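Source file run-v8.txt; content: compact mmCIF, N, CA, C and O atoms.
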```
# COMPACT_ATOMS: atom_id res chain seq x y z
N MET A 1 43.02 -21.52 -42.09
CA MET A 1 42.65 -21.20 -40.73
C MET A 1 41.18 -20.77 -40.72
O MET A 1 40.80 -19.85 -41.43
N LYS A 2 40.42 -21.44 -39.86
CA LYS A 2 38.98 -21.14 -39.82
C LYS A 2 38.45 -20.87 -38.43
O LYS A 2 37.41 -20.25 -38.29
N THR A 3 39.15 -21.37 -37.39
CA THR A 3 38.64 -21.20 -36.04
C THR A 3 39.66 -20.47 -35.16
O THR A 3 40.85 -20.73 -35.22
N VAL A 4 39.14 -19.54 -34.35
CA VAL A 4 40.00 -18.74 -33.48
C VAL A 4 39.36 -18.69 -32.10
O VAL A 4 38.20 -18.32 -31.96
N ALA A 5 40.14 -19.04 -31.08
CA ALA A 5 39.70 -18.94 -29.70
C ALA A 5 40.48 -17.82 -29.03
O ALA A 5 41.69 -17.71 -29.19
N CYS A 6 39.79 -17.00 -28.27
CA CYS A 6 40.42 -15.92 -27.51
C CYS A 6 40.21 -16.25 -26.03
O CYS A 6 39.09 -16.21 -25.53
N ILE A 7 41.30 -16.58 -25.33
CA ILE A 7 41.22 -16.94 -23.92
C ILE A 7 41.35 -15.68 -23.06
O ILE A 7 42.30 -14.91 -23.23
N VAL A 8 40.39 -15.51 -22.15
CA VAL A 8 40.46 -14.41 -21.20
C VAL A 8 40.42 -14.98 -19.78
O VAL A 8 39.82 -16.03 -19.53
N VAL A 9 41.07 -14.27 -18.88
CA VAL A 9 41.07 -14.61 -17.46
C VAL A 9 40.83 -13.32 -16.68
O VAL A 9 40.94 -12.22 -17.25
N ASP A 10 40.50 -13.44 -15.40
CA ASP A 10 40.32 -12.24 -14.58
C ASP A 10 41.56 -11.36 -14.67
O ASP A 10 42.69 -11.85 -14.58
N GLY A 11 41.34 -10.08 -14.88
CA GLY A 11 42.43 -9.13 -15.02
C GLY A 11 42.93 -9.00 -16.45
O GLY A 11 44.00 -8.46 -16.68
N PHE A 12 42.14 -9.48 -17.43
CA PHE A 12 42.58 -9.41 -18.82
C PHE A 12 42.73 -7.96 -19.27
O PHE A 12 42.12 -7.05 -18.73
N ALA A 13 43.58 -7.77 -20.28
CA ALA A 13 43.86 -6.44 -20.81
C ALA A 13 42.84 -6.10 -21.91
O ALA A 13 42.78 -6.78 -22.92
N PRO A 14 42.05 -5.05 -21.73
CA PRO A 14 41.03 -4.70 -22.71
C PRO A 14 41.57 -4.38 -24.10
O PRO A 14 40.94 -4.70 -25.10
N PHE A 15 42.73 -3.73 -24.19
CA PHE A 15 43.26 -3.38 -25.50
C PHE A 15 43.57 -4.63 -26.31
O PHE A 15 43.15 -4.76 -27.47
N GLU A 16 44.29 -5.56 -25.73
CA GLU A 16 44.64 -6.80 -26.43
C GLU A 16 43.38 -7.60 -26.79
O GLU A 16 43.27 -8.16 -27.87
N PHE A 17 42.41 -7.61 -25.89
CA PHE A 17 41.14 -8.28 -26.15
C PHE A 17 40.44 -7.63 -27.34
O PHE A 17 39.94 -8.31 -28.24
N GLY A 18 40.42 -6.30 -27.35
CA GLY A 18 39.78 -5.57 -28.44
C GLY A 18 40.44 -5.82 -29.79
O GLY A 18 39.77 -5.93 -30.81
N VAL A 19 41.77 -5.91 -29.79
CA VAL A 19 42.49 -6.19 -31.03
C VAL A 19 42.09 -7.56 -31.57
O VAL A 19 41.83 -7.73 -32.77
N ALA A 20 42.03 -8.56 -30.71
CA ALA A 20 41.63 -9.90 -31.15
C ALA A 20 40.21 -9.90 -31.70
O ALA A 20 39.94 -10.50 -32.75
N CYS A 21 39.30 -9.21 -31.01
CA CYS A 21 37.91 -9.13 -31.47
C CYS A 21 37.81 -8.42 -32.81
O CYS A 21 37.07 -8.83 -33.70
N GLU A 22 38.56 -7.34 -32.96
CA GLU A 22 38.55 -6.57 -34.20
C GLU A 22 39.13 -7.38 -35.36
O GLU A 22 38.60 -7.38 -36.47
N ALA A 23 40.22 -8.07 -35.11
CA ALA A 23 40.91 -8.80 -36.18
C ALA A 23 40.16 -10.04 -36.62
O ALA A 23 40.12 -10.36 -37.81
N PHE A 24 39.56 -10.76 -35.69
CA PHE A 24 38.98 -12.06 -36.02
C PHE A 24 37.48 -12.17 -35.81
O PHE A 24 36.85 -13.09 -36.32
N GLY A 25 36.87 -11.23 -35.09
CA GLY A 25 35.46 -11.36 -34.75
C GLY A 25 34.49 -10.62 -35.65
O GLY A 25 33.29 -10.87 -35.60
N LEU A 26 35.00 -9.70 -36.47
CA LEU A 26 34.11 -8.93 -37.34
C LEU A 26 33.93 -9.60 -38.70
O LEU A 26 34.86 -10.21 -39.23
N ASP A 27 32.75 -9.44 -39.25
CA ASP A 27 32.45 -9.97 -40.59
C ASP A 27 32.98 -9.00 -41.64
O ASP A 27 32.47 -7.90 -41.78
N ARG A 28 34.02 -9.41 -42.32
CA ARG A 28 34.59 -8.59 -43.39
C ARG A 28 34.49 -9.29 -44.74
O ARG A 28 35.27 -9.05 -45.65
N SER A 29 33.52 -10.17 -44.87
CA SER A 29 33.38 -10.94 -46.11
C SER A 29 33.07 -10.04 -47.31
O SER A 29 33.43 -10.39 -48.43
N ASP A 30 32.45 -8.89 -47.10
CA ASP A 30 32.21 -7.96 -48.21
C ASP A 30 33.50 -7.41 -48.79
O ASP A 30 33.54 -6.96 -49.93
N ASP A 31 34.57 -7.45 -47.99
CA ASP A 31 35.88 -6.98 -48.45
C ASP A 31 36.75 -8.12 -48.95
O ASP A 31 37.94 -7.93 -49.23
N GLY A 32 36.18 -9.32 -49.04
CA GLY A 32 36.92 -10.47 -49.53
C GLY A 32 37.75 -11.18 -48.48
O GLY A 32 38.54 -12.06 -48.79
N VAL A 33 37.56 -10.81 -47.22
CA VAL A 33 38.28 -11.45 -46.12
C VAL A 33 37.41 -12.59 -45.58
O VAL A 33 36.22 -12.39 -45.34
N PRO A 34 37.99 -13.77 -45.38
CA PRO A 34 37.18 -14.88 -44.89
C PRO A 34 36.69 -14.65 -43.45
O PRO A 34 37.36 -13.96 -42.66
N ASN A 35 35.54 -15.21 -43.14
CA ASN A 35 35.02 -15.15 -41.78
C ASN A 35 35.66 -16.25 -40.95
O ASN A 35 36.03 -17.30 -41.47
N PHE A 36 35.78 -16.00 -39.65
CA PHE A 36 36.33 -16.97 -38.73
C PHE A 36 35.26 -17.38 -37.73
O PHE A 36 34.39 -16.58 -37.38
N ASP A 37 35.33 -18.62 -37.27
CA ASP A 37 34.53 -19.04 -36.13
C ASP A 37 35.31 -18.56 -34.92
O ASP A 37 36.25 -19.21 -34.47
N PHE A 38 34.96 -17.37 -34.40
CA PHE A 38 35.69 -16.70 -33.32
C PHE A 38 34.88 -16.82 -32.04
O PHE A 38 33.70 -16.47 -32.01
N ARG A 39 35.52 -17.33 -30.99
CA ARG A 39 34.85 -17.47 -29.70
C ARG A 39 35.76 -17.01 -28.59
O ARG A 39 36.95 -17.29 -28.58
N VAL A 40 35.15 -16.31 -27.64
CA VAL A 40 35.85 -15.93 -26.42
C VAL A 40 35.61 -17.06 -25.42
O VAL A 40 34.47 -17.50 -25.22
N VAL A 41 36.69 -17.55 -24.82
CA VAL A 41 36.60 -18.70 -23.92
C VAL A 41 37.33 -18.41 -22.61
O VAL A 41 38.18 -17.53 -22.54
N THR A 42 37.01 -19.18 -21.59
CA THR A 42 37.67 -19.08 -20.30
C THR A 42 37.55 -20.42 -19.59
O THR A 42 36.73 -21.26 -19.98
N ALA A 43 38.35 -20.62 -18.56
CA ALA A 43 38.35 -21.89 -17.84
C ALA A 43 37.01 -22.17 -17.16
O ALA A 43 36.49 -23.28 -17.22
N ASP A 44 36.44 -21.16 -16.52
CA ASP A 44 35.16 -21.29 -15.83
C ASP A 44 34.20 -20.26 -16.42
O ASP A 44 34.25 -19.08 -16.03
N PRO A 45 33.33 -20.67 -17.36
CA PRO A 45 32.42 -19.71 -17.99
C PRO A 45 31.63 -18.90 -16.96
O PRO A 45 31.29 -19.38 -15.89
N GLY A 46 31.39 -17.67 -17.33
CA GLY A 46 30.67 -16.74 -16.46
C GLY A 46 31.31 -15.37 -16.56
O GLY A 46 31.92 -15.02 -17.56
N VAL A 47 31.20 -14.61 -15.49
CA VAL A 47 31.71 -13.24 -15.47
C VAL A 47 33.23 -13.26 -15.35
O VAL A 47 33.80 -13.94 -14.49
N VAL A 48 33.90 -12.50 -16.24
CA VAL A 48 35.35 -12.33 -16.20
C VAL A 48 35.62 -10.82 -16.13
O VAL A 48 35.11 -10.06 -16.94
N HIS A 49 36.43 -10.42 -15.16
CA HIS A 49 36.70 -9.00 -14.89
C HIS A 49 37.95 -8.55 -15.63
O HIS A 49 38.97 -9.23 -15.61
N SER A 50 37.87 -7.37 -16.23
CA SER A 50 39.05 -6.78 -16.88
C SER A 50 39.89 -6.05 -15.83
O SER A 50 39.44 -5.81 -14.71
N LYS A 51 41.09 -5.66 -16.23
CA LYS A 51 41.94 -4.92 -15.28
C LYS A 51 41.50 -3.45 -15.15
O LYS A 51 42.01 -2.75 -14.28
N LEU A 52 40.56 -3.03 -15.98
CA LEU A 52 40.07 -1.65 -15.89
C LEU A 52 38.73 -1.53 -15.17
O LEU A 52 38.13 -0.46 -15.16
N GLY A 53 38.24 -2.63 -14.62
CA GLY A 53 37.04 -2.57 -13.78
C GLY A 53 35.73 -2.94 -14.43
O GLY A 53 34.72 -2.97 -13.76
N PHE A 54 35.70 -3.22 -15.71
CA PHE A 54 34.45 -3.71 -16.30
C PHE A 54 34.55 -5.22 -16.49
O PHE A 54 35.63 -5.80 -16.42
N SER A 55 33.41 -5.84 -16.70
CA SER A 55 33.34 -7.29 -16.81
C SER A 55 32.67 -7.71 -18.10
O SER A 55 31.89 -6.95 -18.67
N ILE A 56 32.97 -8.92 -18.54
CA ILE A 56 32.27 -9.52 -19.67
C ILE A 56 31.75 -10.87 -19.22
O ILE A 56 32.29 -11.49 -18.29
N ASN A 57 30.69 -11.34 -19.86
CA ASN A 57 30.15 -12.66 -19.57
C ASN A 57 30.61 -13.61 -20.67
O ASN A 57 30.29 -13.40 -21.84
N VAL A 58 31.37 -14.61 -20.31
CA VAL A 58 31.92 -15.57 -21.27
C VAL A 58 31.14 -16.87 -21.18
O VAL A 58 31.03 -17.46 -20.12
N GLU A 59 30.60 -17.31 -22.32
CA GLU A 59 29.75 -18.49 -22.35
C GLU A 59 30.50 -19.79 -22.61
O GLU A 59 30.02 -20.86 -22.27
N HIS A 60 31.68 -19.71 -23.24
CA HIS A 60 32.37 -20.92 -23.68
C HIS A 60 33.54 -21.28 -22.78
O HIS A 60 34.28 -20.41 -22.33
N ASP A 61 33.71 -22.60 -22.55
CA ASP A 61 34.86 -23.05 -21.77
C ASP A 61 36.04 -23.31 -22.72
O ASP A 61 35.96 -23.03 -23.90
N LEU A 62 37.11 -23.85 -22.19
CA LEU A 62 38.34 -24.02 -22.96
C LEU A 62 38.30 -25.14 -24.00
O LEU A 62 39.22 -25.26 -24.80
N SER A 63 37.25 -25.94 -24.03
CA SER A 63 37.21 -27.07 -24.97
C SER A 63 37.35 -26.61 -26.42
O SER A 63 37.97 -27.30 -27.23
N PHE A 64 36.79 -25.45 -26.77
CA PHE A 64 36.92 -24.93 -28.13
C PHE A 64 38.37 -24.59 -28.45
O PHE A 64 38.84 -24.78 -29.57
N ALA A 65 39.11 -24.11 -27.46
CA ALA A 65 40.51 -23.71 -27.67
C ALA A 65 41.38 -24.90 -28.05
O ALA A 65 42.35 -24.75 -28.80
N TYR A 66 41.06 -26.07 -27.55
CA TYR A 66 41.85 -27.26 -27.85
C TYR A 66 41.76 -27.65 -29.33
O TYR A 66 42.67 -28.28 -29.87
N GLU A 67 40.68 -27.26 -29.98
CA GLU A 67 40.47 -27.63 -31.37
C GLU A 67 40.69 -26.47 -32.35
O GLU A 67 40.69 -26.66 -33.56
N ALA A 68 40.87 -25.26 -31.83
CA ALA A 68 40.97 -24.07 -32.68
C ALA A 68 42.27 -24.06 -33.48
O ALA A 68 43.30 -24.58 -33.03
N ASP A 69 42.19 -23.46 -34.66
CA ASP A 69 43.39 -23.30 -35.50
C ASP A 69 44.35 -22.28 -34.90
O ASP A 69 45.56 -22.38 -35.08
N LEU A 70 43.81 -21.26 -34.25
CA LEU A 70 44.62 -20.21 -33.63
C LEU A 70 44.04 -19.91 -32.26
O LEU A 70 42.83 -19.81 -32.10
N VAL A 71 44.93 -19.75 -31.28
CA VAL A 71 44.53 -19.40 -29.92
C VAL A 71 45.21 -18.09 -29.55
O VAL A 71 46.43 -17.98 -29.63
N VAL A 72 44.41 -17.10 -29.16
CA VAL A 72 44.90 -15.81 -28.71
C VAL A 72 44.70 -15.76 -27.20
O VAL A 72 43.60 -16.02 -26.72
N VAL A 73 45.76 -15.42 -26.47
CA VAL A 73 45.66 -15.31 -25.02
C VAL A 73 45.74 -13.84 -24.65
O VAL A 73 46.71 -13.17 -24.98
N CYS A 74 44.72 -13.37 -23.96
CA CYS A 74 44.70 -11.98 -23.49
C CYS A 74 45.11 -11.97 -22.04
O CYS A 74 44.35 -12.42 -21.18
N PRO A 75 46.30 -11.47 -21.77
CA PRO A 75 46.83 -11.52 -20.38
C PRO A 75 46.04 -10.66 -19.43
O PRO A 75 45.37 -9.75 -19.81
```

The structure in this file should be written as structure tokens.
Amino acid sequence: MKTVACIVVDGFAPFEFGVACEAFGLDRSDDGVPNFDFRVVTADPGVVHSKLGFSINVEHDLSFAYEADLVVVCP
């Protein structure tokens, strides 16, 4: 497994999003853990609002998710 897509939509849950980012988005190669090509994606790139009132800017559309080894969906 080398590629991971994290799909977010308006109203996404920050905790679940954070877990995906922590598990697959950090470089832990010094600890012997392989790096992943981790990308946050959405149907319409741009601003995506969380359910807690803050927003993130997502640059990638869903095309990466179609090819990813693992897809994480943040409700």

**Item:** One-decimal distance in Å that lies between atom N of Leu26 of chain A and atom C of Asp69 of chain A
**Value:**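 The value is 15.8 Å.
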
(request) Fewer than 2 positions away in the same chain doesn't count, so skip those; otherwise give me all residues within 8 Å of Val73 of chain A, counting all atoms listed in the file, as a PyMOL selection string. (result) chain A and resi 5-9+12-13+16-17+70-71+75

Could you pull the residues within 7 Å of segment 55-61 of chain A, counting all atoms listed in the file, minus those fewer than 5 positions along the same chain, as a VMD selection string? chain A and resid 40 to 50 66

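Atom to atom, atom O of Phe15 of chain A and atom N of Cys74 of chain A stand 9.4 Å apart.
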
In terms of only C-alpha atoms, the residue from A:Gly53, A:Leu62, A:Val4, A:Val72 at minimal distance from Phe36 of chain A is A:Val4

Please identify which residues in chain A DSSP calls strand (DSSP E or B) from the backbone, and express them as number ranges by chain.
-> A: 3-8, 12, 37-41, 46-50, 55-58, 60, 70-74

Tell me, which residues of chain A carry DSSP alpha helix (DSSP H), written as a PDB file with N, CA, C and O atoms, keeping the file's coordinate frame?
```
ATOM      1  N   PRO A  14      42.050  -5.050 -21.730  1.00  0.00           N
ATOM      2  CA  PRO A  14      41.030  -4.700 -22.710  1.00  0.00           C
ATOM      3  C   PRO A  14      41.570  -4.380 -24.100  1.00  0.00           C
ATOM      4  O   PRO A  14      40.940  -4.700 -25.100  1.00  0.00           O
ATOM      5  N   PHE A  15      42.730  -3.730 -24.190  1.00  0.00           N
ATOM      6  CA  PHE A  15      43.260  -3.380 -25.500  1.00  0.00           C
ATOM      7  C   PHE A  15      43.570  -4.630 -26.310  1.00  0.00           C
ATOM      8  O   PHE A  15      43.150  -4.760 -27.470  1.00  0.00           O
ATOM      9  N   GLU A  16      44.290  -5.560 -25.730  1.00  0.00           N
ATOM     10  CA  GLU A  16      44.640  -6.800 -26.430  1.00  0.00           C
ATOM     11  C   GLU A  16      43.380  -7.600 -26.790  1.00  0.00           C
ATOM     12  O   GLU A  16      43.270  -8.160 -27.870  1.00  0.00           O
ATOM     13  N   PHE A  17      42.410  -7.610 -25.890  1.00  0.00           N
ATOM     14  CA  PHE A  17      41.140  -8.280 -26.150  1.00  0.00           C
ATOM     15  C   PHE A  17      40.440  -7.630 -27.340  1.00  0.00           C
ATOM     16  O   PHE A  17      39.940  -8.310 -28.240  1.00  0.00           O
ATOM     17  N   GLY A  18      40.420  -6.300 -27.350  1.00  0.00           N
ATOM     18  CA  GLY A  18      39.780  -5.570 -28.440  1.00  0.00           C
ATOM     19  C   GLY A  18      40.440  -5.820 -29.790  1.00  0.00           C
ATOM     20  O   GLY A  18      39.770  -5.930 -30.810  1.00  0.00           O
ATOM     21  N   VAL A  19      41.770  -5.910 -29.790  1.00  0.00           N
ATOM     22  CA  VAL A  19      42.490  -6.190 -31.030  1.00  0.00           C
ATOM     23  C   VAL A  19      42.090  -7.560 -31.570  1.00  0.00           C
ATOM     24  O   VAL A  19      41.830  -7.730 -32.770  1.00  0.00           O
ATOM     25  N   ALA A  20      42.030  -8.560 -30.710  1.00  0.00           N
ATOM     26  CA  ALA A  20      41.630  -9.900 -31.150  1.00  0.00           C
ATOM     27  C   ALA A  20      40.210  -9.900 -31.700  1.00  0.00           C
ATOM     28  O   ALA A  20      39.940 -10.500 -32.750  1.00  0.00           O
ATOM     29  N   CYS A  21      39.300  -9.210 -31.010  1.00  0.00           N
ATOM     30  CA  CYS A  21      37.910  -9.130 -31.470  1.00  0.00           C
ATOM     31  C   CYS A  21      37.810  -8.420 -32.810  1.00  0.00           C
ATOM     32  O   CYS A  21      37.070  -8.830 -33.700  1.00  0.00           O
ATOM     33  N   GLU A  22      38.560  -7.340 -32.960  1.00  0.00           N
ATOM     34  CA  GLU A  22      38.550  -6.570 -34.200  1.00  0.00           C
ATOM     35  C   GLU A  22      39.130  -7.380 -35.360  1.00  0.00           C
ATOM     36  O   GLU A  22      38.600  -7.380 -36.470  1.00  0.00           O
ATOM     37  N   ALA A  23      40.220  -8.070 -35.110  1.00  0.00           N
ATOM     38  CA  ALA A  23      40.910  -8.800 -36.180  1.00  0.00           C
ATOM     39  C   ALA A  23      40.160 -10.040 -36.620  1.00  0.00           C
ATOM     40  O   ALA A  23      40.120 -10.360 -37.810  1.00  0.00           O
ATOM     41  N   PHE A  24      39.560 -10.760 -35.690  1.00  0.00           N
ATOM     42  CA  PHE A  24      38.980 -12.060 -36.020  1.00  0.00           C
ATOM     43  C   PHE A  24      37.480 -12.170 -35.810  1.00  0.00           C
ATOM     44  O   PHE A  24      36.850 -13.090 -36.320  1.00  0.00           O
ATOM     45  N   SER A  63      37.250 -25.940 -24.030  1.00  0.00           N
ATOM     46  CA  SER A  63      37.210 -27.070 -24.970  1.00  0.00           C
ATOM     47  C   SER A  63      37.350 -26.610 -26.420  1.00  0.00           C
ATOM     48  O   SER A  63      37.970 -27.300 -27.230  1.00  0.00           O
ATOM     49  N   PHE A  64      36.790 -25.450 -26.770  1.00  0.00           N
ATOM     50  CA  PHE A  64      36.920 -24.930 -28.130  1.00  0.00           C
ATOM     51  C   PHE A  64      38.370 -24.590 -28.450  1.00  0.00           C
ATOM     52  O   PHE A  64      38.840 -24.780 -29.570  1.00  0.00           O
ATOM     53  N   ALA A  65      39.110 -24.110 -27.460  1.00  0.00           N
ATOM     54  CA  ALA A  65      40.510 -23.710 -27.670  1.00  0.00           C
ATOM     55  C   ALA A  65      41.380 -24.900 -28.050  1.00  0.00           C
ATOM     56  O   ALA A  65      42.350 -24.750 -28.800  1.00  0.00           O
ATOM     57  N   TYR A  66      41.060 -26.070 -27.550  1.00  0.00           N
ATOM     58  CA  TYR A  66      41.850 -27.260 -27.850  1.00  0.00           C
ATOM     59  C   TYR A  66      41.760 -27.650 -29.330  1.00  0.00           C
ATOM     60  O   TYR A  66      42.670 -28.280 -29.870  1.00  0.00           O
ATOM     61  N   GLU A  67      40.680 -27.260 -29.980  1.00  0.00           N
ATOM     62  CA  GLU A  67      40.470 -27.630 -31.370  1.00  0.00           C
ATOM     63  C   GLU A  67      40.690 -26.470 -32.350  1.00  0.00           C
ATOM     64  O   GLU A  67      40.690 -26.660 -33.560  1.00  0.00           O
TER      65      GLU A  67
END
```
